[in-house]
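Here is the structure we will look at.
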Number of protein chains: 2
Amino acid sequence: MPDPVVVLIEDEPQIRRFLRVTLTGQGYRLFEATTGADGLVEVGSRQPDVVIVDLGLPDIDGIDVIRRLREWTAVPIIVLSARGQERDKVTALDAGADDYVSKPFGASELVARIRVALRHTAGASHEADDAAFKVGELRMDLLRRQVFVGDREVRLTPIEYKLLTTLVRHAGKVVTHQQLLREVWGPTHTDQAHYVRVYMAHLRHKLEAEPARPRYLLTEPGVGYRLAAD
Amino acid sequence: MPDPVVVLIEDEPQIRRFLRVTLTGQGYRLFEATTGADGLVEVGSRQPDVVIVDLGLPDIDGIDVIRRLREWTAVPIIVLSARGQERDKVTALDAGADDYVSKPFGASELVARIRVALRHTAGASHEADDAAFKVGELRMDLLRRQVFVGDREVRLTPIEYKLLTTLVRHAGKVVTHQQLLREVWGPTHTDQAHYVRVYMAHLRHKLEAEPARPRYLLTEPGVGYRLAAD
DNA sequence: GTAAATTTTTACGATTTTTTAACGGCCCGC
DNA sequence: GCGGGCCGTTAAAAAATCGTAAAAATTTAC
């Protein structure tokens with residue numbers, strides 16, 4: 001994961017400074033807002049992984065900030081508050097906050113709670129990428145890293161698989177030799193065009209019924225290759 | 001949603017009684033355990049929506065209970081503790097807990113935090129959250145930490161067990177060397193690829209009828225390994 | 001404190017994959 | 001028809017990866 005992005009909505013300069021040092025020091029990218037209105041805008045534009053919001057803001061009530069955020073985003077919200085009253089906690093949590101930390105709080109506790117929040121979103125997004133590709137008898141399960149022709153599984157070497165993946169990503173469109181070389185072998189091998197020829201032969205041999213008359217892995221003479229799409 | 005099921009692992013009778021009244025009164029179905037060992041079994045059999053665990057248990061350390069649970073389930077865990085030390089909180093949260101409530105706590109706050117936990121699982125899909133795994137002759141009881149081939153129990157060392165657990169968690173999918181190293185040996189050992197080779201040989205020797213021709217622990221050359229799934 | 005078990009290192013042969021090289025066919029301009 | 005790019009195929013040499021055993025270091029159990 002790249003550095004997690006955090007939006008902090010907090011009016012007290014001392015706490016902002018404290019969290020700025022703590023969080024940036026731990027590899028988080030921090031964006032700050034000092035009012036509820038600013039905070040809402042900031043969350044909208046930064047698309048953060050976590051939002052930390054203080055309840056005692058000068059303009060809008062912190063609870064309202066949470067409600068407004070929950071109208072359109074499921075980003076984890078951690079509430080920071082001087083009011084340690086139980087009623088406040090319940091109100092904030094029921095408004096849509098995921099956690100509530102009372103001031104004064106320790107840096108390591110807050111960071112641990114941020115890690116918990118990130119853990120939740122990490123799992124959630126992982127379900128959606130059930131990527132699969134299919135054309136004719138050829139089927140590819142990107143998640144399991146498996147390739148089938150009919151119901152026979154075909155084993156591919158790392159380079160073969162990467163090459164096929166690249167073609168799938170641009171399915172139906174022409175991919176030039178240059179592009180394939182750059183994406184599969186890396187930008188330092190863009191002059192070794194014969195690699196592609198050799199591996200395309202391997203793939204056809206493994207995937208095509210008649211390698212000499214390919215149905216899926218098509219040659220675009222003088223340009224590159226194209227993977228057939230429905 | 002039908003009434004949410006809660007497992008409470010707590011040895012103090014007063015707190016148990018207090019929560020029994022509170023939670024059953026609010027429509028939760030509560031199951032209680034007074035020791036860590038009991039608690040693990042209870043979670044395994046009741047498949048609860050939330051687990052509440054006290055850190056100061058008579059037998060196992062509460063932190064270990066969390067770790068043991070996290071070996072096979074993603075159920076939300078709320079920690080209850082008299083120790084309000086920041087170090088304890090961080091340890092518990094990093095061990096896999098989702099929330100930490102210090103005693104003394106209010107009923108409504110705890111219930112609000114349970115609601116937050118339930119909100120999280122509501123969105124997530126009910127994926128393989130089972131305490132058992134089986135493929136062919138190979139059977140694994142994650143709850144009891146036992147592994148069987150046929151009806152012969154096989155003893156595994158801690159690392160062997162963790163490696164197998166990791167493969168089980170991604171059963172059917174390829175797990176890269178990097179992933180295995182990170183999840184079993186920790187992120188600081190991701191360059192010692194030979195560890196995986198050595199231990200995969202150990203596991204095959206113990207679990208496969210023909211270690212040289214594995215049926216379950218499959219090699220994905222150049223990428224990693226895969227545990228066969230039905 | 002000693003013995004046993006487990007983990008970490010190391011080494012080497014076997015296997016798989018990648019790279020390199022060679023050859024033949026096809027299209028096209030000349 | 002002749003030669004020169006392109007492309008596909010095949011086979012080999014070279015490199016990387018994998019499986020295995022066994023020794024050394026460390027941890028755990030008694």
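Convention: chains lettered A, B, ... in structure tokens order; per-chain residue numbering from 1; ligands numbered from 1 as shown.
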For chain C, report every residue with an atom at most 10 Å from chain B (counting only C-alpha atoms (C1' of nucleotides)), formatted as a ChimeraX atom specification.
/C:5-9,16-17
Please, which residues of chain A lie no more than 12 Å from chain D when the count uses only C-alpha atoms (C1' of nucleotides), and can they be set out as a PyMOL selection string?
chain A and resi 157-158+193-194+196-202+204-205+211-214+219-225
List every residue of chain B that has an atom at most 9 Å from any atom of chain A, and for each one report the closest atom pair and its distance in Å to one decimal, counting only C-alpha atoms, with rows sorted by chain and then by increasing residue number, as CSV.
residue,atom,partner,partner_atom,distance
B:Glu86,CA,A:Glu109,CA,6.1
B:Arg87,CA,A:Glu109,CA,7.8
B:Lys89,CA,A:Glu109,CA,6.6
B:Val90,CA,A:Ala112,CA,5.6
B:Thr91,CA,A:Ala112,CA,8.5
B:Leu93,CA,A:Ala112,CA,6.3
B:Asp94,CA,A:Ala112,CA,6.6
B:Gly96,CA,A:Val116,CA,7.9
B:Ala97,CA,A:Val116,CA,7.9
B:Asp98,CA,A:Val116,CA,6.2
B:Asp99,CA,A:Asp99,CA,7.8
B:Phe105,CA,A:Glu86,CA,8.7
B:Gly106,CA,A:Glu86,CA,6.9
B:Ser108,CA,A:Val90,CA,6.8
B:Glu109,CA,A:Val90,CA,5.6
B:Leu110,CA,A:Val90,CA,8.7
B:Val111,CA,A:Val90,CA,8.4
B:Ala112,CA,A:Val90,CA,5.5
B:Arg113,CA,A:Leu93,CA,7.0
B:Arg115,CA,A:Asp94,CA,7.7
B:Val116,CA,A:Asp98,CA,6.1
B:Ala117,CA,A:Asp98,CA,8.2
B:His120,CA,A:His120,CA,7.9
B:Gly123,CA,A:Ala124,CA,8.1
B:Ala124,CA,A:Ala124,CA,6.3
B:Ser125,CA,A:Glu127,CA,8.1
B:Gly172,CA,A:Arg144,CA,6.9
B:Lys173,CA,A:Arg144,CA,4.5
B:Val174,CA,A:Arg144,CA,6.1
B:Glu220,CA,A:Thr157,CA,8.6
B:Pro221,CA,A:Thr157,CA,7.0
B:Gly222,CA,A:Pro158,CA,6.1
B:Val223,CA,A:Pro158,CA,6.9
Those same residues, written as a CSV table (one decimal), in the first residue's frame with N, CA, C and O atoms?
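Okay, this is what ended up in again30.csv:
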chain,number,residue,atom,x,y,z
B,86,GLU,N,-1.7,2.8,27.8
B,86,GLU,CA,-1.6,3.0,26.4
B,86,GLU,C,-0.9,1.8,25.7
B,86,GLU,O,-1.4,1.3,24.7
B,87,ARG,N,0.1,1.3,26.3
B,87,ARG,CA,0.8,0.1,25.8
B,87,ARG,C,-0.1,-1.1,25.6
B,87,ARG,O,0.0,-1.7,24.6
B,89,LYS,N,-3.3,-1.0,25.2
B,89,LYS,CA,-4.2,-0.7,24.1
B,89,LYS,C,-3.6,-1.0,22.7
B,89,LYS,O,-4.2,-1.7,21.9
B,90,VAL,N,-2.4,-0.5,22.5
B,90,VAL,CA,-1.7,-0.7,21.2
B,90,VAL,C,-1.5,-2.2,21.0
B,90,VAL,O,-1.7,-2.6,19.9
B,91,THR,N,-1.0,-2.9,22.0
B,91,THR,CA,-0.8,-4.3,21.8
B,91,THR,C,-2.0,-5.0,21.4
B,91,THR,O,-2.0,-5.8,20.5
B,93,LEU,N,-4.8,-3.8,20.0
B,93,LEU,CA,-5.3,-3.4,18.7
B,93,LEU,C,-4.5,-4.0,17.6
B,93,LEU,O,-5.0,-4.5,16.6
B,94,ASP,N,-3.1,-4.0,17.8
B,94,ASP,CA,-2.3,-4.6,16.8
B,94,ASP,C,-2.4,-6.1,16.7
B,94,ASP,O,-2.0,-6.7,15.7
B,96,GLY,N,-5.0,-7.6,16.7
B,96,GLY,CA,-6.2,-7.9,15.9
B,96,GLY,C,-7.5,-7.4,16.5
B,96,GLY,O,-8.6,-7.6,15.8
B,97,ALA,N,-7.5,-6.8,17.6
B,97,ALA,CA,-8.7,-6.3,18.2
B,97,ALA,C,-9.2,-5.1,17.4
B,97,ALA,O,-8.4,-4.4,16.7
B,98,ASP,N,-10.5,-4.9,17.4
B,98,ASP,CA,-11.1,-3.8,16.6
B,98,ASP,C,-11.4,-2.6,17.5
B,98,ASP,O,-11.5,-1.5,17.0
B,99,ASP,N,-11.5,-2.8,18.8
B,99,ASP,CA,-11.8,-1.7,19.7
B,99,ASP,C,-11.4,-2.0,21.1
B,99,ASP,O,-11.2,-3.2,21.4
B,105,PHE,N,-16.8,1.3,32.3
B,105,PHE,CA,-17.4,1.8,31.1
B,105,PHE,C,-18.9,1.8,31.2
B,105,PHE,O,-19.5,1.2,32.1
B,106,GLY,N,-19.5,2.6,30.4
B,106,GLY,CA,-21.0,2.8,30.5
B,106,GLY,C,-21.6,1.8,29.5
B,106,GLY,O,-21.1,1.4,28.5
B,108,SER,N,-24.2,2.1,27.6
B,108,SER,CA,-24.6,2.7,26.3
B,108,SER,C,-23.4,2.9,25.4
B,108,SER,O,-23.5,2.7,24.2
B,109,GLU,N,-22.3,3.2,26.0
B,109,GLU,CA,-21.1,3.3,25.1
B,109,GLU,C,-20.7,2.0,24.5
B,109,GLU,O,-20.5,1.9,23.3
B,110,LEU,N,-20.7,1.0,25.4
B,110,LEU,CA,-20.3,-0.4,24.8
B,110,LEU,C,-21.3,-0.8,23.8
B,110,LEU,O,-20.9,-1.3,22.7
B,111,VAL,N,-22.6,-0.6,24.0
B,111,VAL,CA,-23.6,-1.0,23.0
B,111,VAL,C,-23.4,-0.2,21.7
B,111,VAL,O,-23.5,-0.7,20.6
B,112,ALA,N,-23.1,1.1,21.9
B,112,ALA,CA,-22.8,1.9,20.7
B,112,ALA,C,-21.6,1.3,19.9
B,112,ALA,O,-21.6,1.3,18.7
B,113,ARG,N,-20.6,0.9,20.6
B,113,ARG,CA,-19.4,0.4,19.9
B,113,ARG,C,-19.7,-1.0,19.3
B,113,ARG,O,-19.1,-1.4,18.3
B,115,ARG,N,-22.6,-1.7,18.0
B,115,ARG,CA,-23.3,-1.3,16.8
B,115,ARG,C,-22.3,-0.9,15.7
B,115,ARG,O,-22.5,-1.3,14.5
B,116,VAL,N,-21.3,-0.2,16.0
B,116,VAL,CA,-20.3,0.1,15.0
B,116,VAL,C,-19.7,-1.1,14.4
B,116,VAL,O,-19.5,-1.3,13.2
B,117,ALA,N,-19.3,-2.1,15.3
B,117,ALA,CA,-18.7,-3.3,14.9
B,117,ALA,C,-19.7,-4.1,13.9
B,117,ALA,O,-19.3,-4.6,12.9
B,120,HIS,N,-19.8,-2.6,10.5
B,120,HIS,CA,-18.6,-3.0,9.6
B,120,HIS,C,-18.9,-4.4,8.9
B,120,HIS,O,-18.6,-4.5,7.7
B,123,GLY,N,-21.5,-4.8,5.8
B,123,GLY,CA,-21.2,-4.6,4.4
B,123,GLY,C,-20.3,-5.8,3.8
B,123,GLY,O,-20.5,-6.2,2.7
B,124,ALA,N,-19.4,-6.3,4.6
B,124,ALA,CA,-18.5,-7.3,4.2
B,124,ALA,C,-19.2,-8.6,3.9
B,124,ALA,O,-20.2,-8.9,4.5
B,125,SER,N,-18.7,-9.3,2.9
B,125,SER,CA,-19.4,-10.6,2.5
B,125,SER,C,-19.0,-11.7,3.5
B,125,SER,O,-18.0,-11.6,4.1
B,172,GLY,N,-6.7,-22.3,-2.9
B,172,GLY,CA,-7.1,-22.2,-4.3
B,172,GLY,C,-6.4,-21.1,-5.1
B,172,GLY,O,-6.3,-21.2,-6.3
B,173,LYS,N,-5.9,-20.1,-4.3
B,173,LYS,CA,-5.2,-19.0,-5.0
B,173,LYS,C,-3.7,-19.1,-4.8
B,173,LYS,O,-3.2,-19.8,-3.9
B,174,VAL,N,-3.0,-18.5,-5.8
B,174,VAL,CA,-1.6,-18.5,-5.7
B,174,VAL,C,-1.1,-17.5,-4.6
B,174,VAL,O,-1.6,-16.4,-4.5
B,220,GLU,N,3.9,-23.2,-7.9
B,220,GLU,CA,3.6,-22.3,-9.1
B,220,GLU,C,4.9,-21.7,-9.5
B,220,GLU,O,5.3,-20.7,-8.9
B,221,PRO,N,5.6,-22.4,-10.4
B,221,PRO,CA,7.0,-22.0,-10.7
B,221,PRO,C,7.2,-20.5,-11.0
B,221,PRO,O,6.4,-19.9,-11.7
B,222,GLY,N,8.2,-19.9,-10.3
B,222,GLY,CA,8.5,-18.5,-10.6
B,222,GLY,C,7.6,-17.6,-9.8
B,222,GLY,O,7.8,-16.3,-9.8
B,223,VAL,N,6.5,-18.1,-9.2
B,223,VAL,CA,5.6,-17.2,-8.5
B,223,VAL,C,5.5,-17.5,-7.0
B,223,VAL,O,5.7,-16.6,-6.2
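When every C-alpha of chain A is superposed on its counterpart in chain B by least squares, the root-mean-square deviation equals 17.4 Å.
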9 Å contact set for A:Leu69, only C-alpha atoms (C1' of nucleotides), chain neighbours under 5 positions out, as an mmCIF file with N, CA and C atoms, in the first residue's frame:
data_model
loop_
_atom_site.group_PDB
_atom_site.id
_atom_site.type_symbol
_atom_site.label_atom_id
_atom_site.label_comp_id
_atom_site.auth_asym_id
_atom_site.auth_seq_id
_atom_site.Cartn_x
_atom_site.Cartn_y
_atom_site.Cartn_z
ATOM 1 N N LEU A 40 -15.068 19.170 5.100
ATOM 2 C CA LEU A 40 -15.903 18.463 4.129
ATOM 3 C C LEU A 40 -15.313 18.574 2.726
ATOM 4 N N VAL A 43 -12.041 16.404 2.474
ATOM 5 C CA VAL A 43 -12.305 14.978 2.314
ATOM 6 C C VAL A 43 -12.756 14.689 0.884
ATOM 7 N N GLY A 44 -13.576 15.590 0.355
ATOM 8 C CA GLY A 44 -14.054 15.396 -1.012
ATOM 9 C C GLY A 44 -12.929 15.407 -2.016
ATOM 10 N N ASP A 64 -22.455 16.945 13.075
ATOM 11 C CA ASP A 64 -23.014 17.234 11.749
ATOM 12 C C ASP A 64 -22.012 16.935 10.650
ATOM 13 N N ALA A 74 -17.908 6.152 2.836
ATOM 14 C CA ALA A 74 -17.800 5.152 3.898
ATOM 15 C C ALA A 74 -16.416 5.189 4.520
ATOM 16 N N VAL A 75 -15.668 6.254 4.247
ATOM 17 C CA VAL A 75 -14.309 6.358 4.795
ATOM 18 C C VAL A 75 -14.357 6.259 6.326
ATOM 19 N N GLY A 96 -22.254 7.728 12.790
ATOM 20 C CA GLY A 96 -21.486 7.127 11.708
ATOM 21 C C GLY A 96 -19.993 7.078 11.947
#
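One finds atom CA of B:Ile66 at 11.5 Å from atom CA of B:Ala37.
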